[in-house]
2 protein chains.
Amino acid sequence: MASLQDIALSAFINILSAFVFFVAFAILRLQPFNDRVYFPKWHLKGIRSSPRHSGKSVTKFVNLDWRTYLRFLNWMPAALRMPEPELIDHAGLDSAVYIRIYLLGLKIFVPLTVLAFGILVPVNWTGDTLEHLDVEFSDIDKLSISNIAKESKRLWAHLVMAYIFTFWIYYTLYKEYKIIAAMRLHFLASENRRPDQFTVLVRNIPPDPDESVSEHVEHFFSVNHHDHYLTHQVVYNANNLAKLVDRRNNLQNWLVYYENKNTRNPDKRPRTKTGFLGLWGETVDAIDYYTAEIEKLLKEEATERERLVIDPKAIMPAAFVSFRSRWGAAVCAQTQQSSNPTLWLSEWAPEPRDVYWSNLAIPFVELTMRRLIMAVAFFFLTFFFMIPIAFVQSLANIEGIEKVAPFLKPLIEKEVVSSFIKGFLSGIALKIFMIFLPTILMTMSKIEGYVSISALERKSAAKYHLFILVNVFLANVIAGAAFEQLNTFVNKETPNKYPVIVGTAIPAKATFFITYIMLDGWAGVASEILRLKPLIIYHLRNTFLVKTEQDREQAMDPGSLDFASSEPRIQLYFLLGLVYSVVTPIFLPFIVVFFSLSYVVFRHQIINVYDQEYESGAAFWPDVHRRLVIAMIISQLTLMGLMSTKDPKHATPVLIALPILTIWFHKYCKSRFEPAFVKFPLQDAVVKDTLERATDPNLNLRSYLQDAYVHPVFHSKDTEQPVAIDEEENNPLVPTKRNSNRSTPGGSKYGSEVGSETEY
Amino acid sequence: MASLQDIALSAFINILSAFVFFVAFAILRLQPFNDRVYFPKWHLKGIRSSPRHSGKSVTKFVNLDWRTYLRFLNWMPAALRMPEPELIDHAGLDSAVYIRIYLLGLKIFVPLTVLAFGILVPVNWTGDTLEHLDVEFSDIDKLSISNIAKESKRLWAHLVMAYIFTFWIYYTLYKEYKIIAAMRLHFLASENRRPDQFTVLVRNIPPDPDESVSEHVEHFFSVNHHDHYLTHQVVYNANNLAKLVDRRNNLQNWLVYYENKNTRNPDKRPRTKTGFLGLWGETVDAIDYYTAEIEKLLKEEATERERLVIDPKAIMPAAFVSFRSRWGAAVCAQTQQSSNPTLWLSEWAPEPRDVYWSNLAIPFVELTMRRLIMAVAFFFLTFFFMIPIAFVQSLANIEGIEKVAPFLKPLIEKEVVSSFIKGFLSGIALKIFMIFLPTILMTMSKIEGYVSISALERKSAAKYHLFILVNVFLANVIAGAAFEQLNTFVNKETPNKYPVIVGTAIPAKATFFITYIMLDGWAGVASEILRLKPLIIYHLRNTFLVKTEQDREQAMDPGSLDFASSEPRIQLYFLLGLVYSVVTPIFLPFIVVFFSLSYVVFRHQIINVYDQEYESGAAFWPDVHRRLVIAMIISQLTLMGLMSTKDPKHATPVLIALPILTIWFHKYCKSRFEPAFVKFPLQDAVVKDTLERATDPNLNLRSYLQDAYVHPVFHSKDTEQPVAIDEEENNPLVPTKRNSNRSTPGGSKYGSEVGSETEY
């Protein structure tokens with residue numbers, strides 16, 4: 001078991017690496033040629049123009065003003081300075097609420113830390129039990145509940161604190177849910193007009209022998225939403241076309257690359273090979289080859305476009321149906337249309353840029369099967385991933401390595417190396433596993449067929465959370481503990497003993513998780529701000545693919561908050577903090593440092609860097625809340641398990657009420673606040689409708705909604721043309737700030753491109 | 001353990017008692033003076049008039065035609081003859097669907113019986129294991145899975161049959177759900193106009209400092225359901241008034257009783273005492289006393305009525321809001337009104353006669369607390385009831401009685417007595433417990449605050465079902481088995497071993513449950529048809545309280561299907577049938593007999609006797625389906641538990657898929673059919689609205705809905721006046737057949753009593 005010294009060394013290493021990251025960031029961000037990497041958000045908003053336009057030649061690229069380097073941490077107060085309403089306006093509600101998760105962490109854990117250090121640490125420290133037992137123990141154990149004797153009166157302190165902590169968390173969670181529900185409602189109420197406010201996505205439209213899908217939709221809604229129905233947009237299965245467009249864009253990049261090469265070195269025409277990645281095959285003139293290939297693809301595209309318009313099979317039994325008023329849309333989204341509940345399924349349309357187009361083409365009947373299969377696949381993924389992790393965990397301790405590779409023994413037994421192994425290795429093994437995961441989970445969610453990017457992210461996050469629970473939390477607690485405690489209880493592992501097994505293993509794993517927090521939390525967050533990957537990619541693109549200022553705009557990748565993979569990780573810290581709050585209070589400061597650091601860093605990032613792909617209005621909060629409640633229940637069960645070995649007579653009856661109360665608390669919050677996240681109240685719809693009629697009586701809603709939900713590939717030909725942007729800017733009603741016309745061709749869709757070649 | 005002979009004796013006794021009931025029924029029903037007990041349904045419909053009007057004096061009371069007695073079972077084919085559509089028309093969808101539960105039992109268990117007897121019984125019988133073991137066993141055990149050796153190849157037959165049975169049940173359940181959903185939709189579509197089709201119950205209306213509740217509702221819905229809102233009816237807290245009316249009705253009965261007494265014996269004025277129930281206190285003239293008391297109450301009523309109209313506190317923050325069209329009501333019922341999801345809560349209004357008025361006065365904020373408290377109370381009720389049952393069970397076997405009362409030994413050891421004890425006593429002990437229960441559970445549901453009688457019944461049924469599961473099924477299996485198997489596994493009772501414990505105990509309890517089915521099922525159903533309690537009460541009332549023909553109408557109590565207590569009992573038989581289908585196939589014929597007998601008896605009852613209080617359109621079916629699925633899962637888990645002791649290597653992996661499949665099946669059915677039971681599709685609403693506009697363009701909906709949702713006490717003064725009925729009959733649009741103006745004062749409320757003294 002690691003001692004306080006090991007922890008201190010490991011903390012020092014991690015603080016040092018965080019410090020290095022911050023210094024590197026401070027230097028890099030001040031260089032003008034990195035400006036688009038570290039301040040893309042401002043460039044996208046048009047507030048910060050490229051520094052290359054003005055100034056002398058050298059200072060265009062390198063910052064020579066030495067005074068700016070001295071204040072290398074001054075981004076931190078700057079990040080905290082922007083008030084929340086402005087932040088919402090600047091970065092959207094999703095981002096503003098996302099960083100409130102970190103703030104919530106602080107609100108929960110700072111008082112917990114103070115209380116725990118004020119009461120539990122002294123109680124534990126003076127417990128004097130470990131010294132009388134014939135076991136090895138470290139200073140950390142002396143600070144933990146392990147130092148309290150069985151059936152000691154001192155355990156009452158822990159029981160009472162468990163209740164105080166729980167009620168404090170209820171209070172903060174409830175308040176936070178309330179605030180965020182209010183923020184969401186206020187945000188929705190003050191939002192500008194958006195196509196999704198008027199539009200409902202209708203799926204599983206039954207086939208009609210006499211009518212086309214479009215006519216059928218028209219007739220159905222004219223009858224059943226008489227007075228309210230306005231127009232609709234059928235969904236084309238344009239996945240093929242989208243693939244062609246993607247391929248063409250890829251070739252276009254290569255063409256630009258070779259053209260740039262040619263410009264710099266006009267004597268030598270660049271050449272390429274026709275095979276895979278230009279690695280083999282016939283050698284040809286690169287520019288001619290790519291021009292011809294693009295030409296070919298353009299023709300294919302044109303044929304495919306024509307086919308889509310003519311072929312009735314290209315039309316999916318789904319449509320975006322728009323209404324005359326928000327009231328009409330709210331009604332349609334919340335009601336059942338047909339007596340067969342699997343037909344004419346209506347739900348709120350996602351925001352146009354939030355639509356995940358490829359999944360709209362999935363027939364509805366397939367969905368049940370797909371979800372069942374993915375559930376089974378996820379089960380296997382979760383439980384078979386455990387095997388390698390458990391194996392690596394068992395290696396990642398001194399004894400394990402000595403057993404497997406005895407020749408390393410002299411090296412390992414040096415103080416520094418052994419601390420390093422203890423502090424780092426076990427954390428890194430886990431980390432490597434985790435890097436591959438979010439992509440797999442996102443793919444699984446896509447197969448499940450959700451139709452909006454926000455839903456995909458939420459579902460991936462749910463999977464990732466479960467995975468982390470089983471494979472980071474449980475696997476480390478049980479498998480690790482099992483090796484250490486010589487397989488004593490592996491054989492009697494029965495479901496109802498789980499809390500006891502986990503509970504008793506918990507104190508022993510404190511060191512491991514402290515290390516994990518420092519490596520993954522502290523250093524991970526600090527490295528986030530450096531943006532090493534976007535930095536490299538930007539400079540590569542800038543060198544090879546950029547011809548015009550507009551290209552440079554596209555080369556910059558602001559990235560976005562990756563909800564699907566980062567939120568479940570925060571949840572792990574919440575879980576660890578809650579589990580250890582009573583058991584090993586020394587754990588809490590590490591959590592608090594993590595949350596403070598993350599809060600500052602991510603606040604900086606959403607202000608200066610990230611550009612969200614979509615705006616869901618904090619629709620993810622019920623998920624966050626639910627997972628926090630799950631973490632509470634787990635922590636309460638493990639505490640019960642642990643305490644039942646310490647003081648079975650009192651602990652179980654006293655603690656049994658906690659999980660029940662928590663479930664009730666969850667139900668109460670759910671009924672109180674969740675509707676604000678899934679429904680749209682008619683009262684608010686009426687208010688907005690009335691307001692709009694008053695301010696803009698002549699609005700032509702039909703033409704406004706005309707092309708809002710057209711598949712982005714039908715727009716793609718125009719993404720290069722600035723005319724689309726101009727037209728947008730001429731329309732003062734459209735929230736232009738969200739229409740940054742960049743990388744994804746889906747960027748320009750509101751009201752632009754009137755009269756494209758497709759017939760709607 | 002009981003032998004086949006014991007079972008046969010017990011079966012003979014029960015068949016005999018059933019036969020006695022049927023003969024008694026046959027004789028009693030043919031007597032004209034019992035006509036209103038055995039054919040009240042037809043009297044209520046006005047098709048069968050009182051036989052006393054015509055004929056000679058003796059035959060008015062006694063049937064002297066001996067030929068009719070010979071065909072004493074001819075009500076059976078008669079009961080089966082009425083086709084289902086006519087039955088729905090005659091008795092309502094609720095009743096028609098209710099007896100389909102019995103039919104479903106036959107559909108499930110007849111093929112299961114055939115298969116089990118064709119395959120499993122021969123396999124078990126030739127197993128030859130028990131004879132080689134040194135244990136006691138009966139013939140029933142020889143027919144059960146107990147006769148198969150451990151890890152025998154024969155167990156594969158049981159595994160395969162478990163799958164075949166499961167898939168057969170999936171098929172029947174799915175088909176049944178589909179049929180009933182279609183029946184419900186067809187029923188709703190072809191229904192006559194009813195106030196609840198246009199009306200939504202809105203609860204938790206926020207207080208407004210400037211407006212009364214009524215004005216506030218008016219304004220809110222005029223704005224937010226512009227074009228659709230028609231009128232509303234606020235809810236008065238008339239519970240006090242209702243109590244006064246009840247008391248007055250009670251006194252009225254006594255007055256009539258004494259007046260009758262006086263008429264028969266005019267010389268002697270009847271006297272009574274003023275104390276409780278006339279048992280003590282001052283002796284006074286009865287007629288004068290009651291007349292004065294009634295007078296006093298009438299005055300109190302008048303004051304209370306005035307107070308209700310004036311006092312703003314008497315108005316609850318709830319209202320019945322009516323719309324111009326079914327579409328408008330459907331929209332309001334399915335959408336969220338206000339941004340605060342706990343305000344302006346809208347739900348479909350129950351049918352007027354289905355409203356449970358007293359609960360409308362409960363403030364909404366109380367509901368969460370009430371439900372939490374009731375959940376805890378129900379938990380304690382369920383688990384502490386178990387103690388006396390287990391005690392009685394342990395007594396109700398020969399050894400137990402001999403131990404407690406050794407002096408009874410010589411009596412008990414006689415063959416007949418011991419069979420009687422085995423066959424009867426254990427069943428009766430249970431039965432007595434069960435009689436008190438439904439009332440308690442209904443009271444608990446009322447405290448929980450549901451606002452319709454149908455919801456109350458469904459919730460009570462859910463509680464009763466859980467109670468039966470724990471206290472009849474589990475308690476008998478485990479506690480009983482625990483005594484028999486000498487406490488071998490009581491000490492290692494851990495939750496995950498539960499299926500194993502239950503599974504292994506199951507075969508041993510087959511005899512007990514067969515007895516239970518015969519006593520509770522066969523004889524119980526046969527006694528149902530005799531209607532002993534209503535028969536006695538009718539004749540008592542008829543003798544003492546009846547003055548006019550109208551009084552006699554009220555004296556007859558047709559009763560109704562008591563969903564809350566009878567459906568959970570059917571579920572017990574389903575559960576037992578499913579649990580024993582693979583384990584002890586000899587069990588199945590008893591189940592089949594129960595379902596056939598019940599089907600015939602209840603079909604007869606709903607045709608001739610019962611008069612439903614309300615019509616929910618088979619809204620209970622999702623509950624029935626869910627409980628059947630629960631029964632399937634329990635049977636699969638117990639089978640897994642049993643098989644894991646027989647052949648752990650194969651059984652568990654083969655059987656583990658069954659419960660998972662079942663849960664998935666349930667989810668699928670739920671998403672496919674449940675919306676038909678909780679929502680009202682807009683398409684259907686539009687169809688009905690359009691049809692109505694075409695057939696009845698001049699309908700004054702406002703006056704039609706005027707008094708539909710007025711608290712029944714505001715009508716009660718007029719219940720005695722036939723004028724209300726006349727007015728109803730003059731209005732051809734009202735489905736008069738449902739408006740039988742009897743016992744409950746809530747009977748006459750559609751369109752009657754225009755211009756009552758209250759202001760709406």
# chains A, B, ... in the order shown; residues from 1 in each chain; ligands from 1
>>> interface_residues(of="chain B", to="chain A", cutoff="9 Å", atoms="only C-alpha atoms", output="JSON, numbers by chain")
{"B": [185, 220, 223, 224, 225, 327, 330, 331, 332, 333, 334, 335, 336, 337, 338, 339, 340, 341, 342, 368, 372, 494, 495, 496, 664, 668, 671, 672, 673, 674, 675, 676, 679, 680, 681, 682, 683, 684, 685, 686, 687]}
>>> select_by_dssp(residues="stretch 128-181 of chain A", states="alpha helix (DSSP H)", output="CSV table (one decimal) with C-alpha atoms, in the first residue's frame")
chain,number,residue,atom,x,y,z
A,139,ASP,CA,-0.8,7.0,7.1
A,140,ILE,CA,-3.8,7.3,4.8
A,141,ASP,CA,-5.3,4.3,6.5
A,142,LYS,CA,-4.8,6.0,9.8
A,143,LEU,CA,-6.9,8.9,8.6
A,155,LEU,CA,-18.8,5.0,14.3
A,156,TRP,CA,-21.8,7.0,15.2
A,157,ALA,CA,-19.9,10.1,13.9
A,158,HIS,CA,-19.7,8.4,10.5
A,159,LEU,CA,-23.4,7.5,10.5
A,160,VAL,CA,-24.5,10.9,11.4
A,161,MET,CA,-22.1,12.5,8.9
A,162,ALA,CA,-23.5,10.2,6.2
A,163,TYR,CA,-26.9,11.7,6.9
A,164,ILE,CA,-25.7,15.3,7.0
A,165,PHE,CA,-23.7,14.8,3.8
A,166,THR,CA,-26.8,13.2,2.1
A,167,PHE,CA,-29.1,16.0,3.0
A,168,TRP,CA,-26.6,18.6,2.0
A,169,ILE,CA,-26.4,16.9,-1.4
A,170,TYR,CA,-30.1,16.7,-1.7
A,171,TYR,CA,-30.3,20.4,-1.1
A,172,THR,CA,-27.6,21.4,-3.7
A,173,LEU,CA,-29.0,18.9,-6.3
A,174,TYR,CA,-32.5,20.2,-5.9
A,175,LYS,CA,-31.5,23.8,-6.0
A,176,GLU,CA,-29.3,23.2,-9.1
A,177,TYR,CA,-32.1,21.3,-10.9
A,178,LYS,CA,-34.5,24.2,-10.1
A,179,ILE,CA,-32.0,26.8,-11.3
A,180,ILE,CA,-31.3,25.0,-14.5
A,181,ALA,CA,-34.9,24.3,-15.3
>>> residues_around(residues="A:Ala505", least_positions_apart="4", cutoff="8 Å", atoms="only C-alpha atoms", output="list in words")
Val477, Ile478, Ala481, Ile501 and Lys509 of chain A
>>> select_by_dssp(residues="stretch 126-330 of chain A", states="strand (DSSP E or B)", output="list in words")
Thr199, Val200, Leu201, Val202, Arg203, Tyr229, Leu230, Thr231, His232, Gln233, Val234, Val235, Tyr236, Arg271, Thr272, Lys273, Thr283, Val284, Asp285, Ile315, Met316, Pro317, Ala318, Ala319, Phe320, Val321, Ser322 and Phe323 of chain A
>>> write_last_selection(atoms="N, CA and C atoms", output="PDB file, in the first residue's frame")
ATOM      1  N   THR A 199     -41.652  23.025 -35.898  1.00  0.00           N
ATOM      2  CA  THR A 199     -41.576  21.808 -36.686  1.00  0.00           C
ATOM      3  C   THR A 199     -41.572  20.570 -35.810  1.00  0.00           C
ATOM      4  N   VAL A 200     -42.224  19.538 -36.330  1.00  0.00           N
ATOM      5  CA  VAL A 200     -42.320  18.258 -35.659  1.00  0.00           C
ATOM      6  C   VAL A 200     -41.793  17.212 -36.627  1.00  0.00           C
ATOM      7  N   LEU A 201     -41.038  16.273 -36.097  1.00  0.00           N
ATOM      8  CA  LEU A 201     -40.585  15.180 -36.935  1.00  0.00           C
ATOM      9  C   LEU A 201     -41.595  14.049 -36.827  1.00  0.00           C
ATOM     10  N   VAL A 202     -42.146  13.655 -37.954  1.00  0.00           N
ATOM     11  CA  VAL A 202     -43.140  12.580 -37.961  1.00  0.00           C
ATOM     12  C   VAL A 202     -42.508  11.360 -38.597  1.00  0.00           C
ATOM     13  N   ARG A 203     -42.559  10.244 -37.895  1.00  0.00           N
ATOM     14  CA  ARG A 203     -41.938   9.042 -38.431  1.00  0.00           C
ATOM     15  C   ARG A 203     -42.958   7.933 -38.590  1.00  0.00           C
ATOM     16  N   TYR A 229     -51.751  23.296 -39.422  1.00  0.00           N
ATOM     17  CA  TYR A 229     -50.745  22.754 -40.328  1.00  0.00           C
ATOM     18  C   TYR A 229     -50.323  23.800 -41.356  1.00  0.00           C
ATOM     19  N   LEU A 230     -49.018  23.882 -41.592  1.00  0.00           N
ATOM     20  CA  LEU A 230     -48.546  24.845 -42.569  1.00  0.00           C
ATOM     21  C   LEU A 230     -47.923  24.167 -43.781  1.00  0.00           C
ATOM     22  N   THR A 231     -46.842  23.445 -43.553  1.00  0.00           N
ATOM     23  CA  THR A 231     -46.149  22.835 -44.679  1.00  0.00           C
ATOM     24  C   THR A 231     -45.337  21.644 -44.165  1.00  0.00           C
ATOM     25  N   HIS A 232     -44.715  20.923 -45.065  1.00  0.00           N
ATOM     26  CA  HIS A 232     -43.867  19.829 -44.595  1.00  0.00           C
ATOM     27  C   HIS A 232     -42.712  19.602 -45.560  1.00  0.00           C
ATOM     28  N   GLN A 233     -41.809  18.794 -45.123  1.00  0.00           N
ATOM     29  CA  GLN A 233     -40.611  18.499 -45.896  1.00  0.00           C
ATOM     30  C   GLN A 233     -40.367  16.997 -45.769  1.00  0.00           C
ATOM     31  N   VAL A 234     -40.500  16.261 -46.881  1.00  0.00           N
ATOM     32  CA  VAL A 234     -40.252  14.827 -46.774  1.00  0.00           C
ATOM     33  C   VAL A 234     -38.753  14.559 -46.605  1.00  0.00           C
ATOM     34  N   VAL A 235     -38.434  13.371 -46.116  1.00  0.00           N
ATOM     35  CA  VAL A 235     -37.037  13.025 -45.859  1.00  0.00           C
ATOM     36  C   VAL A 235     -36.547  12.107 -46.973  1.00  0.00           C
ATOM     37  N   TYR A 236     -35.461  12.490 -47.595  1.00  0.00           N
ATOM     38  CA  TYR A 236     -34.872  11.672 -48.645  1.00  0.00           C
ATOM     39  C   TYR A 236     -33.790  10.794 -48.052  1.00  0.00           C
ATOM     40  N   ARG A 271       3.366  14.586 -58.838  1.00  0.00           N
ATOM     41  CA  ARG A 271       2.869  13.313 -59.371  1.00  0.00           C
ATOM     42  C   ARG A 271       2.321  12.458 -58.229  1.00  0.00           C
ATOM     43  N   THR A 272       1.408  11.583 -58.539  1.00  0.00           N
ATOM     44  CA  THR A 272       0.890  10.681 -57.488  1.00  0.00           C
ATOM     45  C   THR A 272       0.643   9.313 -58.090  1.00  0.00           C
ATOM     46  N   LYS A 273       0.375   8.344 -57.243  1.00  0.00           N
ATOM     47  CA  LYS A 273       0.009   7.010 -57.714  1.00  0.00           C
ATOM     48  C   LYS A 273      -1.491   6.820 -57.541  1.00  0.00           C
ATOM     49  N   THR A 283       1.765   5.747 -61.800  1.00  0.00           N
ATOM     50  CA  THR A 283       2.113   7.123 -61.455  1.00  0.00           C
ATOM     51  C   THR A 283       1.547   8.074 -62.514  1.00  0.00           C
ATOM     52  N   VAL A 284       0.823   9.099 -62.051  1.00  0.00           N
ATOM     53  CA  VAL A 284       0.186  10.042 -62.985  1.00  0.00           C
ATOM     54  C   VAL A 284       0.414  11.471 -62.501  1.00  0.00           C
ATOM     55  N   ASP A 285       0.063  12.405 -63.340  1.00  0.00           N
ATOM     56  CA  ASP A 285       0.130  13.813 -62.939  1.00  0.00           C
ATOM     57  C   ASP A 285      -0.971  14.070 -61.904  1.00  0.00           C
ATOM     58  N   ILE A 315     -37.683   8.245 -51.082  1.00  0.00           N
ATOM     59  CA  ILE A 315     -38.374   9.019 -50.044  1.00  0.00           C
ATOM     60  C   ILE A 315     -38.704   8.119 -48.866  1.00  0.00           C
ATOM     61  N   MET A 316     -38.242   8.517 -47.694  1.00  0.00           N
ATOM     62  CA  MET A 316     -38.475   7.710 -46.505  1.00  0.00           C
ATOM     63  C   MET A 316     -39.866   8.027 -45.933  1.00  0.00           C
ATOM     64  N   PRO A 317     -40.433   7.063 -45.181  1.00  0.00           N
ATOM     65  CA  PRO A 317     -41.743   7.354 -44.579  1.00  0.00           C
ATOM     66  C   PRO A 317     -41.605   8.245 -43.345  1.00  0.00           C
ATOM     67  N   ALA A 318     -40.973   9.379 -43.547  1.00  0.00           N
ATOM     68  CA  ALA A 318     -40.788  10.326 -42.442  1.00  0.00           C
ATOM     69  C   ALA A 318     -40.852  11.723 -43.030  1.00  0.00           C
ATOM     70  N   ALA A 319     -41.228  12.678 -42.215  1.00  0.00           N
ATOM     71  CA  ALA A 319     -41.334  14.040 -42.723  1.00  0.00           C
ATOM     72  C   ALA A 319     -41.170  15.036 -41.588  1.00  0.00           C
ATOM     73  N   PHE A 320     -40.643  16.192 -41.948  1.00  0.00           N
ATOM     74  CA  PHE A 320     -40.636  17.302 -41.010  1.00  0.00           C
ATOM     75  C   PHE A 320     -41.889  18.131 -41.296  1.00  0.00           C
ATOM     76  N   VAL A 321     -42.810  18.143 -40.344  1.00  0.00           N
ATOM     77  CA  VAL A 321     -44.078  18.835 -40.556  1.00  0.00           C
ATOM     78  C   VAL A 321     -44.044  20.151 -39.791  1.00  0.00           C
ATOM     79  N   SER A 322     -44.315  21.230 -40.495  1.00  0.00           N
ATOM     80  CA  SER A 322     -44.265  22.550 -39.852  1.00  0.00           C
ATOM     81  C   SER A 322     -45.661  23.114 -39.667  1.00  0.00           C
ATOM     82  N   PHE A 323     -45.804  23.898 -38.617  1.00  0.00           N
ATOM     83  CA  PHE A 323     -47.104  24.435 -38.249  1.00  0.00           C
ATOM     84  C   PHE A 323     -47.088  25.959 -38.296  1.00  0.00           C
TER      85      PHE A 323
END
>>> residues_around(residues="stretch 286-299 of chain A", least_positions_apart="6", cutoff="7 Å", atoms="only C-alpha atoms", output="list of chain:residue names")
A:Leu244, A:Arg248, A:Leu251, A:Leu255, A:Tyr258, A:Glu259, A:Pro270, A:Arg271, A:Thr272
>>> decode(residues="stretch 241-291 of chain B", atoms="C-alpha atoms", output="short mmCIF file (atom, residue, chain, number, x, y, z; two decimals), in the first residue's frame")
data_model
loop_
_atom_site.label_atom_id
_atom_site.label_comp_id
_atom_site.auth_asym_id
_atom_site.auth_seq_id
_atom_site.Cartn_x
_atom_site.Cartn_y
_atom_site.Cartn_z
CA LEU B 241 -72.56 18.35 2.51
CA ALA B 242 -72.24 14.83 1.17
CA LYS B 243 -71.92 13.56 4.74
CA LEU B 244 -75.08 15.42 5.75
CA VAL B 245 -76.97 13.98 2.80
CA ASP B 246 -75.78 10.49 3.67
CA ARG B 247 -76.94 10.90 7.23
CA ARG B 248 -80.30 12.17 6.10
CA ASN B 249 -80.76 9.22 3.75
CA ASN B 250 -79.99 6.89 6.58
CA LEU B 251 -82.57 8.57 8.83
CA GLN B 252 -85.05 8.48 5.97
CA ASN B 253 -84.68 4.70 5.87
CA TRP B 254 -85.45 4.45 9.54
CA LEU B 255 -88.44 6.72 9.12
CA VAL B 256 -89.79 4.51 6.35
CA TYR B 257 -89.16 1.44 8.48
CA TYR B 258 -91.17 2.85 11.35
CA GLU B 259 -93.92 4.17 9.10
CA ASN B 260 -94.28 0.68 7.58
CA LYS B 261 -94.38 -0.77 11.06
CA ASN B 262 -97.08 1.71 11.98
CA THR B 263 -99.13 0.93 8.88
CA ARG B 264 -99.16 -2.77 9.67
CA ASN B 265 -99.91 -2.23 13.29
CA PRO B 266 -101.72 1.13 13.47
CA ASP B 267 -102.69 0.72 17.13
CA LYS B 268 -99.22 0.93 18.54
CA ARG B 269 -97.03 3.88 17.71
CA PRO B 270 -93.47 2.61 17.29
CA ARG B 271 -90.98 3.97 19.82
CA THR B 272 -87.21 4.25 19.78
CA LYS B 273 -84.34 5.43 21.94
CA THR B 274 -82.31 8.49 21.00
CA GLY B 275 -78.87 6.94 21.71
CA PHE B 276 -76.54 5.01 19.45
CA LEU B 277 -78.43 2.62 17.11
CA GLY B 278 -81.54 3.06 19.25
CA LEU B 279 -80.00 0.93 22.01
CA TRP B 280 -80.11 3.36 24.90
CA GLY B 281 -81.10 6.88 25.83
CA GLU B 282 -84.48 8.49 26.17
CA THR B 283 -87.42 6.62 24.66
CA VAL B 284 -89.40 8.73 22.20
CA ASP B 285 -91.99 8.35 19.50
CA ALA B 286 -89.99 7.01 16.54
CA ILE B 287 -91.85 8.66 13.67
CA ASP B 288 -91.88 12.08 15.29
CA TYR B 289 -88.27 11.75 16.32
CA TYR B 290 -87.02 10.85 12.85
CA THR B 291 -89.20 13.44 11.16
#
